[in-house]
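Encoded as structure tokens, the structure appears first; notes follow it.
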Amino acid sequence: MKRIMINEICKVYDGPHATPNKTEYGPIYLGIDAITEDGMLDATQFAHLSEEDYIKWTKRVIPQENDIVFSYEATLGRYTMIPKGFHGCLGRRLAIIRNVSNKINTRWLYYYFRSPEWTSFIRNQTVKGSTVDRISVEDFPKYTVPLIPIGKQNRIVDVLDKIDRRIANNKKINDYLAYQFSMVA
């Protein structure tokens with residue numbers, strides 16, 4: 001299977017290496033804890049920062065719709081996509097992958113990054129630290145991903161998106177039923 005280096009199809013941006021003062025309201029400060037294992041954003045875990053700090057924390061990169069965010073230190077293997085209307089910045093130990101090519105469907109790339117094949121590859125690239133494990137953000141753009149025809153990528157995304165919507169709908173139903181049951185108990 002043909003492979004392509006990430007830097008041939010995407011830009012990779014590292015986030016800030018510090019933490020701002022948190023506020024009760026304001027732009028979102030996206031931390032690793034707000035990215036679930038299944039690739040979703042958990043808004044209950046969002047922190048916030050002031051508009052002044054937002055300007056400082058977005059000097060490197062401003063997260064945009066359809067950017068893929070990934071964790072590169074501590075809690076590895078977290079990937080999510082920035083949704084429409086997101087107004088915030090990256091937290092520590094997070095980076096962005098921004099598709100700049102028509103050779104890759106961004107959602108296909110997102111699903112690939114969550115695949116067992118990629119997970120195994122990243123596990124082999126992990127640097128064991130004295131306090132936390134990490135992968136090299138500098139080397140990340142040189143990693144390769146499969147380059148399959150865009151039509152096939154689109155078909156894969158159509159199927160996986162349908163499954164994700166069903167999972168989300170089932171989760172809502174389960175949450176509703178759990179709430180209803182707790183009201184009766």
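Residues in the structure tokens are named by chain (A, B, ... in the order shown) and by number from 1 within that chain; ligands are numbered from 1 in the order shown.
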
Q. Which residues, written as an MDAnalysis selection string, have at least one atom at most 9 Å from region 104-118 of chain A, with only C-alpha atoms counted and residues fewer than 3 positions away on the same chain left out?
A. chainID A and resid 9 38:39 66:68 77:81 98:101 121:123 145:150 153:154 156:157 160:161

Give me the residues near Thr58 (chain A) as a PDB file with N, CA and C atoms, in the first residue's frame, where near means some atom within 10 Å (using only C-alpha atoms) and where sequence neighbours in that chain fewer than 2 positions away do not count.
ATOM      1  N   GLY A  15       0.955  23.311  20.382  1.00  0.00           N
ATOM      2  CA  GLY A  15       0.271  24.296  21.211  1.00  0.00           C
ATOM      3  C   GLY A  15       1.226  24.965  22.183  1.00  0.00           C
ATOM      4  N   PRO A  16       0.699  25.763  23.097  1.00  0.00           N
ATOM      5  CA  PRO A  16       1.532  26.460  24.077  1.00  0.00           C
ATOM      6  C   PRO A  16       2.149  25.482  25.072  1.00  0.00           C
ATOM      7  N   ASP A  53      -5.639  36.660  27.521  1.00  0.00           N
ATOM      8  CA  ASP A  53      -4.791  35.473  27.447  1.00  0.00           C
ATOM      9  C   ASP A  53      -5.026  34.703  26.150  1.00  0.00           C
ATOM     10  N   TYR A  54      -6.253  34.702  25.652  1.00  0.00           N
ATOM     11  CA  TYR A  54      -6.564  34.018  24.394  1.00  0.00           C
ATOM     12  C   TYR A  54      -5.665  34.539  23.271  1.00  0.00           C
ATOM     13  N   ILE A  55      -5.462  35.832  23.211  1.00  0.00           N
ATOM     14  CA  ILE A  55      -4.607  36.435  22.177  1.00  0.00           C
ATOM     15  C   ILE A  55      -3.179  35.894  22.299  1.00  0.00           C
ATOM     16  N   LYS A  56      -2.675  35.799  23.530  1.00  0.00           N
ATOM     17  CA  LYS A  56      -1.322  35.270  23.745  1.00  0.00           C
ATOM     18  C   LYS A  56      -1.242  33.775  23.419  1.00  0.00           C
ATOM     19  N   ARG A  60       0.717  30.909  18.180  1.00  0.00           N
ATOM     20  CA  ARG A  60       1.221  29.818  17.329  1.00  0.00           C
ATOM     21  C   ARG A  60       0.171  29.331  16.347  1.00  0.00           C
ATOM     22  N   VAL A  61      -1.053  29.147  16.856  1.00  0.00           N
ATOM     23  CA  VAL A  61      -2.116  28.597  16.011  1.00  0.00           C
ATOM     24  C   VAL A  61      -3.473  28.869  16.664  1.00  0.00           C
ATOM     25  N   ILE A  62      -4.452  29.154  15.825  1.00  0.00           N
ATOM     26  CA  ILE A  62      -5.843  29.278  16.263  1.00  0.00           C
ATOM     27  C   ILE A  62      -6.575  28.041  15.764  1.00  0.00           C
ATOM     28  N   PRO A  63      -7.117  27.223  16.653  1.00  0.00           N
ATOM     29  CA  PRO A  63      -7.847  26.035  16.210  1.00  0.00           C
ATOM     30  C   PRO A  63      -9.007  26.413  15.288  1.00  0.00           C
ATOM     31  N   GLY A  88     -11.532  29.028  20.962  1.00  0.00           N
ATOM     32  CA  GLY A  88     -10.652  28.673  22.059  1.00  0.00           C
ATOM     33  C   GLY A  88      -9.242  28.427  21.593  1.00  0.00           C
ATOM     34  N   CYS A  89      -8.447  27.896  22.494  1.00  0.00           N
ATOM     35  CA  CYS A  89      -7.040  27.628  22.210  1.00  0.00           C
ATOM     36  C   CYS A  89      -6.687  26.234  22.700  1.00  0.00           C
ATOM     37  N   LEU A  90      -5.527  25.771  22.268  1.00  0.00           N
ATOM     38  CA  LEU A  90      -5.022  24.486  22.722  1.00  0.00           C
ATOM     39  C   LEU A  90      -4.453  24.605  24.118  1.00  0.00           C
TER      40      LEU A  90
END

Q: May I have the residues within 9 Å of His48 (chain A) as a list in words, using only C-alpha atoms and disregarding those fewer than 5 positions away in the same chain?
A: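 Selected residues are Asn21, Lys22, Thr23, Glu24, Tyr25, Gly26, Pro27, Ile28, Tyr29, Leu30 and Gly88 of chain A.
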
Could you please take those selected residues and save all heavy atoms as an mmCIF file, in the first residue's frame?
data_model
loop_
_atom_site.group_PDB
_atom_site.id
_atom_site.type_symbol
_atom_site.label_atom_id
_atom_site.label_comp_id
_atom_site.auth_asym_id
_atom_site.auth_seq_id
_atom_site.Cartn_x
_atom_site.Cartn_y
_atom_site.Cartn_z
ATOM 1 N N ASN A 21 -3.987 31.604 33.348
ATOM 2 C CA ASN A 21 -4.923 31.672 34.470
ATOM 3 C C ASN A 21 -6.293 31.297 33.944
ATOM 4 O O ASN A 21 -6.728 31.789 32.905
ATOM 5 C CB ASN A 21 -4.958 33.083 35.063
ATOM 6 C CG ASN A 21 -3.663 33.428 35.776
ATOM 7 O OD1 ASN A 21 -3.045 32.574 36.385
ATOM 8 N ND2 ASN A 21 -3.254 34.685 35.676
ATOM 9 N N LYS A 22 -6.956 30.425 34.659
ATOM 10 C CA LYS A 22 -8.292 29.984 34.241
ATOM 11 C C LYS A 22 -9.327 30.998 34.718
ATOM 12 O O LYS A 22 -9.165 31.626 35.759
ATOM 13 C CB LYS A 22 -8.598 28.607 34.827
ATOM 14 C CG LYS A 22 -7.549 27.549 34.521
ATOM 15 C CD LYS A 22 -7.663 27.015 33.139
ATOM 16 C CE LYS A 22 -6.630 25.984 32.757
ATOM 17 N NZ LYS A 22 -6.232 24.990 33.675
ATOM 18 N N THR A 23 -10.374 31.156 33.931
ATOM 19 C CA THR A 23 -11.479 32.031 34.279
ATOM 20 C C THR A 23 -12.773 31.221 34.250
ATOM 21 O O THR A 23 -12.799 30.102 33.731
ATOM 22 C CB THR A 23 -11.586 33.219 33.297
ATOM 23 O OG1 THR A 23 -11.822 32.712 31.983
ATOM 24 C CG2 THR A 23 -10.329 34.071 33.302
ATOM 25 N N GLU A 24 -13.827 31.804 34.770
ATOM 26 C CA GLU A 24 -15.111 31.103 34.780
ATOM 27 C C GLU A 24 -15.769 31.131 33.401
ATOM 28 O O GLU A 24 -16.457 30.198 33.009
ATOM 29 C CB GLU A 24 -16.035 31.749 35.817
ATOM 30 C CG GLU A 24 -17.165 30.854 36.206
ATOM 31 C CD GLU A 24 -17.923 31.369 37.413
ATOM 32 O OE1 GLU A 24 -17.312 32.006 38.304
ATOM 33 O OE2 GLU A 24 -19.136 31.130 37.459
ATOM 34 N N TYR A 25 -15.531 32.205 32.657
ATOM 35 C CA TYR A 25 -16.116 32.378 31.331
ATOM 36 C C TYR A 25 -15.028 32.822 30.367
ATOM 37 O O TYR A 25 -13.937 33.199 30.778
ATOM 38 C CB TYR A 25 -17.229 33.431 31.363
ATOM 39 C CG TYR A 25 -18.317 33.116 32.350
ATOM 40 C CD1 TYR A 25 -18.347 33.738 33.593
ATOM 41 C CD2 TYR A 25 -19.290 32.175 32.060
ATOM 42 C CE1 TYR A 25 -19.330 33.442 34.522
ATOM 43 C CE2 TYR A 25 -20.277 31.873 32.977
ATOM 44 C CZ TYR A 25 -20.299 32.506 34.204
ATOM 45 O OH TYR A 25 -21.263 32.204 35.117
ATOM 46 N N GLY A 26 -15.347 32.824 29.100
ATOM 47 C CA GLY A 26 -14.397 33.273 28.090
ATOM 48 C C GLY A 26 -14.098 32.176 27.096
ATOM 49 O O GLY A 26 -14.749 31.122 27.084
ATOM 50 N N PRO A 27 -13.114 32.405 26.240
ATOM 51 C CA PRO A 27 -12.739 31.388 25.257
ATOM 52 C C PRO A 27 -12.371 30.074 25.946
ATOM 53 O O PRO A 27 -11.932 30.058 27.095
ATOM 54 C CB PRO A 27 -11.521 32.001 24.555
ATOM 55 C CG PRO A 27 -11.662 33.469 24.764
ATOM 56 C CD PRO A 27 -12.308 33.626 26.106
ATOM 57 N N ILE A 28 -12.525 28.993 25.211
ATOM 58 C CA ILE A 28 -12.235 27.663 25.748
ATOM 59 C C ILE A 28 -10.732 27.435 25.783
ATOM 60 O O ILE A 28 -10.020 27.745 24.833
ATOM 61 C CB ILE A 28 -12.911 26.579 24.879
ATOM 62 C CG1 ILE A 28 -14.430 26.725 24.955
ATOM 63 C CG2 ILE A 28 -12.461 25.179 25.282
ATOM 64 C CD1 ILE A 28 -15.176 25.928 23.907
ATOM 65 N N TYR A 29 -10.285 26.890 26.879
ATOM 66 C CA TYR A 29 -8.921 26.396 27.007
ATOM 67 C C TYR A 29 -9.054 24.877 26.937
ATOM 68 O O TYR A 29 -9.515 24.238 27.873
ATOM 69 C CB TYR A 29 -8.302 26.845 28.335
ATOM 70 C CG TYR A 29 -6.934 26.277 28.575
ATOM 71 C CD1 TYR A 29 -5.820 26.809 27.941
ATOM 72 C CD2 TYR A 29 -6.761 25.194 29.434
ATOM 73 C CE1 TYR A 29 -4.551 26.280 28.159
ATOM 74 C CE2 TYR A 29 -5.500 24.665 29.658
ATOM 75 C CZ TYR A 29 -4.399 25.204 29.018
ATOM 76 O OH TYR A 29 -3.156 24.676 29.231
ATOM 77 N N LEU A 30 -8.704 24.301 25.781
ATOM 78 C CA LEU A 30 -8.922 22.880 25.529
ATOM 79 C C LEU A 30 -7.790 22.051 26.117
ATOM 80 O O LEU A 30 -6.660 22.094 25.634
ATOM 81 C CB LEU A 30 -9.027 22.626 24.025
ATOM 82 C CG LEU A 30 -9.274 21.190 23.584
ATOM 83 C CD1 LEU A 30 -10.570 20.657 24.181
ATOM 84 C CD2 LEU A 30 -9.297 21.107 22.069
ATOM 85 N N GLY A 88 -11.532 29.028 20.962
ATOM 86 C CA GLY A 88 -10.652 28.673 22.059
ATOM 87 C C GLY A 88 -9.242 28.427 21.593
ATOM 88 O O GLY A 88 -8.885 28.705 20.445
#

**Q.** Distance query Asp33 (chain A) at most 9 Å, only C-alpha atoms, self and fewer than 6 positions along chain excluded, as a VMD selection string
**A.** chain A and resid 42 45 to 46 75

Okay, now the selection with C-alpha atoms, as a PDB file, in the first residue's frame?
ATOM      1  CA  ASP A  42     -16.552  16.639  26.633  1.00  0.00           C
ATOM      2  CA  GLN A  45     -14.324  19.394  31.085  1.00  0.00           C
ATOM      3  CA  PHE A  46     -13.676  22.673  29.254  1.00  0.00           C
ATOM      4  CA  THR A  75      -2.160  10.915  28.129  1.00  0.00           C
TER       5      THR A  75
END

Q | Nearest candidate to Ile96 (chain A) (options A:Arg165, A:Lys171, A:Lys11, A:Lys2; using only C-alpha atoms) | A | A:Lys11

Q) Which residue out of A:Ile82, A:Val69, A:Leu94, A:Ala43 has the minimum interatomic distance to Ala18 (chain A) when only C-alpha atoms are used? A) A:Leu94

Q) What is the distance between CA of Ile163 (chain A) and CA of Leu41 (chain A), in Å to one decimal? A)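 Those two atoms sit 17.2 Å apart.
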